[in-house]
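Worksheet: one structure, shown below.
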Amino acid sequence: MSVITLLTDFGVDDEYVGIMKGVILSLNPAATIVDITHSIDPQDLIQAAYMVESYFKYFPKGTVHVIVVDPGVGSDRAILAFESKGHIFLAPDNGVLTLLFDKKNTGKIVRVDNFDYFLEFVGNTFHGRDIFAPVCAHLSMGLDISRMGAPLDQKDLVRLDIPRPFISNKNDLSGVIVSIDRFGNLITNIDLSIMEAFCRTAKVEKTEIIIGKNSIRGLSAKYDDVKPQKPLAVIGSRGYLEIAVNCGSAREYFSAKKGNIIKVILC
Amino acid sequence: MSVITLLTDFGVDDEYVGIMKGVILSLNPAATIVDITHSIDPQDLIQAAYMVESYFKYFPKGTVHVIVVDPGVGSDRAILAFESKGHIFLAPDNGVLTLLFDKKNTGKIVRVDNFDYFLEFVGNTFHGRDIFAPVCAHLSMGLDISRMGAPLDQKDLVRLDIPRPFISNKNDLSGVIVSIDRFGNLITNIDLSIMEAFCRTAKVEKTEIIIGKNSIRGLSAKYDDVKPQKPLAVIGSRGYLEIAVNCGSAREYFSAKKGNIIKVILC
Amino acid sequence: MSVITLLTDFGVDDEYVGIMKGVILSLNPAATIVDITHSIDPQDLIQAAYMVESYFKYFPKGTVHVIVVDPGVGSDRAILAFESKGHIFLAPDNGVLTLLFDKKNTGKIVRVDNFDYFLEFVGNTFHGRDIFAPVCAHLSMGLDISRMGAPLDQKDLVRLDIPRPFISNKNDLSGVIVSIDRFGNLITNIDLSIMEAFCRTAKVEKTEIIIGKNSIRGLSAKYDDVKPQKPLAVIGSRGYLEIAVNCGSAREYFSAKKGNIIKVILC
């Protein structure tokens with residue numbers, strides 16, 4: 001088995017993703033390639049960073065996770081191979097792995113610059129094809145990442161300035177909406193462990209969530225704890241606080257956007 | 001060989017479908033996973049029901065068909081495993097299998113509640129990941145559906161109130177548009193057998209199709225039986241009456257929507 | 001290994017692509033099926049023709065490339081199987097292979113009409129399912145294309161009237177935008193060899209590119225040769241002249257559309 005996941009901002013209307021798969025299968029015919037999504041908003045590194053941290057752990061050990069959200073393609077930004085907890089990540093050094101590092105995922109990191117494993121001709125506009133695809137194919141066949149280049153240190157890598165939730169005073173935890181899914185659920189950067197730290201001895205269910213001029217009383221366990229078309233707050237499938245509307249769209253209900261502030265207070 | 005098909009309303013912009021595939025491949029690395037579509041209008045069960053009945057028969061025997069259009073996730077709705085004609089269907093008990101049952105597909109049905117085959121932690125918001133994915137992986141490896149839970153009876157299951165074509169008087173067969181495809185073809189709920197029953201000894205080709213204030217004379221055998229940009233009626237690839245425009249869009253031509261009434265009369 | 005690529009205008013919202021995969025896997029369970037894209041503008045054969053020429057060479061020898069952009073489905077247009085350089089192309093005889101032929105890809109061509117390899121029932125509206133899918137499955141298992149029908153001659157096939165770049169006078173090379181990708185990059189029909197022929201002894205980097213009332217001085221090697229939000233011209237990943245905006249969209253910057261004229265002049 002060798003699984004390769006692809007996360008890009010290439011969209012699916014052009015031939016780019018298909019070409020990457022052609023290069024991979026030319027080198028490793030046995031690869032199983034899984035599309036995570038190719039709809040990352042062009043160059044939205046924060047959205048990609050949250051997503052990587054969310055999906056990687058559901059894949060089998062040995063999976064190579066390829067992330068090509070790469071506004072700096074062709075510049076002198078490095079390409080990284082990072083091995084942690086049995087998973088390998090191949091990504092530009094632009095901060096897209098920030099959340100992995102924040103969540104204490106440690107392991108070996110190298111700068112990928114051994115062109116023995118690149119396509120013969122490497123252009124300046126499509127490293128997904130010329131570098132990421134052939135390198136991930138080789139890694140998926142068991143090649144050690146140390147073959148790709150010299151070691152790097154986590155602390156020398158680019159980090160994103162990711163908005164972090166904070167406790168502004170004893171009764172107020174502030175976060176932001178970091179993504180909105182197809183159902184219109186508002187996914188925040190407030191994870192369960194921060195909620196628990198904030199609530200201390202109180203129960204997290206006993207909080208009030210403030211979005212704009214609206215508020216939601218308490219955390220629900222599931223969508224149908226409220227009536228259809230009514231809003232609720234839950235700890236969503238990513239493990240973060242989400243605001244939803246049962247059988248409806250919280251995006252529309254609250255006219256919400258990425259970046260909007262969400263507050264949690266104790267009742 | 002073990003093929004798994006996925007039909008959901010998750011869209012392809014989020015990580016949800018990718019995560020389901022990660023869970024499946026972690027359990028059954030040899031699975032071949034086929035996306036039918038993830039663009040079901042959120043929670044449009046009727047659209048999904050017609051689609052399932054249309055595609056399943058083109059897959060090899062032994063295929064596990066997973067349907068996660070599930071507005072009731074986290075509620076006490078059951079999850080069903082249904083085995084019929086060598087195919088296995090895994091779906092919420094919300095009516096999405098109604099057309100299969102209507103078309104006389106019979107077989108064993110169980111309520112899926114054996115958490116030995118679920119992920120260790122089952123949340124209330126993403127059963128696609130926590131239940132459907134691991135269960136379908138086990139079924140694709142040959143586990144009998146009876147291992148998943150106790151038997152159920154078809155007559156006790158939720159049925160959709162699907163609009164049915166009817167013969168309103170001797171000369172008038174009424175149906176509705178149940179879906180509109182990318183080409184703008186209008187797909188009705190009037191299948192060939194109903195057309196034939198309606199026409200009795202007359203030929204189905206000798207009918208007139210009424211859509212709003214317009215009418216189409218006769219059934220065509222193929223799109224280019226009429227000039228480009230002209231409308232026609234055909235028995236489409238699903239086996240249902242479709243209204244199309246040669247090299248154009250019937251949706252635009254007739255300003256048509258899902259739910260619009262279509263009538264057939266004898267000439 | 002047997003790889004099959006799919007290029008269609010079916011979209012991914014309907015069940016059509018999934019059904020083709022079901023038919024393929026029923027015949028060849030070991031097939032690896034790669035979606036190139038299903039978002040070809042309905043019936044835009046020129047866009048499809050450029051794409052085919054761009055991606056096929058990145059796939060392993062033996063790959064079967066299936067192209068179903070087929071406004072003439074059900075008419076008497078032929079279906080072609082074309083074998084060249086170790087690749088097999090299965091496509092309607094509507095010109096979608098024109099660029100392959102223009103680029104001197106030669107080989108055996110047959111008219112696919114041996115219904116032994118079709119589905120048992122062939123309708124008039126979905127040859128992707130009834131003909132292309134089963135035929136490509138058989139070809140992917142090593143069947144010789146000559147089994148599909150009688151030989152044809154390249155010169156007897158339908159050709160598209162593809163807009164060609166031309167040198168209008170000694171100092172002026174004219175082309176058009178043939179596609180625009182997700183990033184808003186404007187991809188022209190001017191390839192590097194024409195640029196070089198035009199420039200003769202001058203360097204291609206020393207040209208000026210004219211788009212509407214704007215001009216771009218010189219060719220860049222990579223996107224970040226200019227400041228963010230500034231336009232540039234590069235030889236893109238397809239090997240054709242592209243106009244881009246670093247970290248932005250040239251489509252928006254120039255309000256550009258497919259078909260717009262691009263000129264190159266010597267400085």
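Each chain in the structure tokens gets a letter, A, B and so on, in the order shown; residues start at 1 in every chain, and ligands are counted from 1 in the order they appear.
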
Practice problem: Write down as a PyMOL selection string the residues of range 9-254 of chain A whose backbone DSSP state falls under alpha helix (DSSP H). | Solution: chain A and resi 16-27+45-55+98-102+127+133-140+192-199+250-254

Quiz item: Taking only C-alpha atoms into account, what are the residues of chain B at most 9 Å from chain A, put as a PyMOL selection string?
Solution: chain B and resi 9-27+29-30+32+42-43+71-75+123-126+129

Quiz item: Any idea what's packed within 8 Å of Phe198 in chain C, counting only C-alpha atoms, ignoring anything in its chain fewer than 3 positions away? Could you give it as a ChimeraX atom specification?
Solution: /C:167,173,194-195

Practice problem: Using only C-alpha atoms, pick whichever of B:Asn189, B:Phe254, B:Asn171, B:Arg164 has the shortest atom-to-atom distance to Gln229 in chain B. | Solution: B:Phe254

12 Å contact set for Phe101 in chain A, only C-alpha atoms, chain neighbours under 4 positions out, as an mmCIF file with N, CA, C and O atoms, in the first residue's frame:
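Saved as part30.cif:
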```
data_model
loop_
_atom_site.group_PDB
_atom_site.id
_atom_site.type_symbol
_atom_site.label_atom_id
_atom_site.label_comp_id
_atom_site.auth_asym_id
_atom_site.auth_seq_id
_atom_site.Cartn_x
_atom_site.Cartn_y
_atom_site.Cartn_z
ATOM 1 N N ALA A 49 -3.584 25.306 6.210
ATOM 2 C CA ALA A 49 -2.893 24.849 7.418
ATOM 3 C C ALA A 49 -3.857 24.157 8.387
ATOM 4 O O ALA A 49 -3.551 23.104 8.946
ATOM 5 N N TYR A 50 -5.051 24.751 8.567
ATOM 6 C CA TYR A 50 -6.046 24.107 9.435
ATOM 7 C C TYR A 50 -6.490 22.764 8.860
ATOM 8 O O TYR A 50 -6.730 21.803 9.589
ATOM 9 N N VAL A 52 -4.873 20.609 6.846
ATOM 10 C CA VAL A 52 -3.849 19.567 6.960
ATOM 11 C C VAL A 52 -3.884 18.938 8.349
ATOM 12 O O VAL A 52 -3.892 17.721 8.511
ATOM 13 N N GLU A 53 -3.944 19.805 9.352
ATOM 14 C CA GLU A 53 -3.933 19.309 10.726
ATOM 15 C C GLU A 53 -5.176 18.474 11.001
ATOM 16 O O GLU A 53 -5.170 17.564 11.821
ATOM 17 N N PHE A 82 8.739 16.541 5.636
ATOM 18 C CA PHE A 82 8.653 16.475 7.100
ATOM 19 C C PHE A 82 8.046 15.135 7.458
ATOM 20 O O PHE A 82 6.985 14.760 6.946
ATOM 21 N N GLU A 83 8.751 14.374 8.315
ATOM 22 C CA GLU A 83 8.238 13.062 8.714
ATOM 23 C C GLU A 83 7.889 13.096 10.188
ATOM 24 O O GLU A 83 8.731 13.430 11.027
ATOM 25 N N SER A 84 6.637 12.746 10.493
ATOM 26 C CA SER A 84 6.193 12.817 11.880
ATOM 27 C C SER A 84 5.098 11.802 12.116
ATOM 28 O O SER A 84 4.157 11.690 11.333
ATOM 29 N N PHE A 89 5.000 14.688 5.059
ATOM 30 C CA PHE A 89 4.390 15.886 4.498
ATOM 31 C C PHE A 89 5.369 16.519 3.526
ATOM 32 O O PHE A 89 6.552 16.691 3.858
ATOM 33 N N GLY A 95 4.806 28.164 5.590
ATOM 34 C CA GLY A 95 3.984 28.251 6.789
ATOM 35 C C GLY A 95 2.790 27.322 6.795
ATOM 36 O O GLY A 95 2.071 27.225 7.791
ATOM 37 N N VAL A 96 2.579 26.615 5.695
ATOM 38 C CA VAL A 96 1.376 25.793 5.596
ATOM 39 C C VAL A 96 1.387 24.619 6.593
ATOM 40 O O VAL A 96 0.350 24.005 6.847
ATOM 41 N N LEU A 97 2.545 24.345 7.174
ATOM 42 C CA LEU A 97 2.626 23.292 8.197
ATOM 43 C C LEU A 97 2.593 23.858 9.624
ATOM 44 O O LEU A 97 2.768 23.122 10.599
ATOM 45 N N ASN A 105 3.741 18.261 16.735
ATOM 46 C CA ASN A 105 4.182 17.178 15.879
ATOM 47 C C ASN A 105 5.663 17.399 15.583
ATOM 48 O O ASN A 105 6.037 18.400 14.964
ATOM 49 N N THR A 106 6.476 16.493 16.032
ATOM 50 C CA THR A 106 7.910 16.646 15.816
ATOM 51 C C THR A 106 8.422 15.533 14.900
ATOM 52 O O THR A 106 7.732 14.548 14.648
ATOM 53 N N GLY A 107 9.622 15.724 14.402
ATOM 54 C CA GLY A 107 10.197 14.702 13.536
ATOM 55 C C GLY A 107 11.265 15.298 12.640
ATOM 56 O O GLY A 107 11.636 16.463 12.783
ATOM 57 N N LYS A 108 11.722 14.514 11.707
ATOM 58 C CA LYS A 108 12.817 14.899 10.817
ATOM 59 C C LYS A 108 12.288 15.805 9.708
ATOM 60 O O LYS A 108 11.238 15.545 9.132
ATOM 61 N N ILE A 109 13.027 16.856 9.406
ATOM 62 C CA ILE A 109 12.668 17.748 8.297
ATOM 63 C C ILE A 109 13.881 17.921 7.397
ATOM 64 O O ILE A 109 14.995 18.111 7.887
ATOM 65 N N ASP A 153 15.908 22.685 10.703
ATOM 66 C CA ASP A 153 15.398 22.759 12.066
ATOM 67 C C ASP A 153 14.044 23.473 12.051
ATOM 68 O O ASP A 153 13.895 24.500 11.389
ATOM 69 N N GLN A 154 13.051 22.896 12.765
ATOM 70 C CA GLN A 154 11.708 23.501 12.812
ATOM 71 C C GLN A 154 11.761 24.994 13.096
ATOM 72 O O GLN A 154 11.011 25.766 12.515
ATOM 73 N N LYS A 155 12.661 25.381 13.971
ATOM 74 C CA LYS A 155 12.631 26.787 14.395
ATOM 75 C C LYS A 155 13.112 27.746 13.307
ATOM 76 O O LYS A 155 12.902 28.958 13.392
ATOM 77 N N ASP A 156 13.728 27.206 12.246
ATOM 78 C CA ASP A 156 14.190 28.069 11.159
ATOM 79 C C ASP A 156 13.173 28.205 10.034
ATOM 80 O O ASP A 156 13.426 28.887 9.042
ATOM 81 N N LEU A 157 12.027 27.546 10.197
ATOM 82 C CA LEU A 157 11.064 27.531 9.086
ATOM 83 C C LEU A 157 10.102 28.700 9.171
ATOM 84 O O LEU A 157 9.904 29.293 10.227
ATOM 85 N N VAL A 158 9.506 29.001 8.032
ATOM 86 C CA VAL A 158 8.499 30.061 7.966
ATOM 87 C C VAL A 158 7.270 29.641 8.781
ATOM 88 O O VAL A 158 6.817 28.499 8.683
ATOM 89 N N ARG A 159 6.751 30.550 9.601
ATOM 90 C CA ARG A 159 5.505 30.294 10.347
ATOM 91 C C ARG A 159 4.449 31.293 9.893
ATOM 92 O O ARG A 159 4.753 32.464 9.671
ATOM 93 N N LEU A 160 3.232 30.830 9.813
ATOM 94 C CA LEU A 160 2.125 31.745 9.531
ATOM 95 C C LEU A 160 1.758 32.495 10.797
ATOM 96 O O LEU A 160 1.863 31.963 11.896
#
```
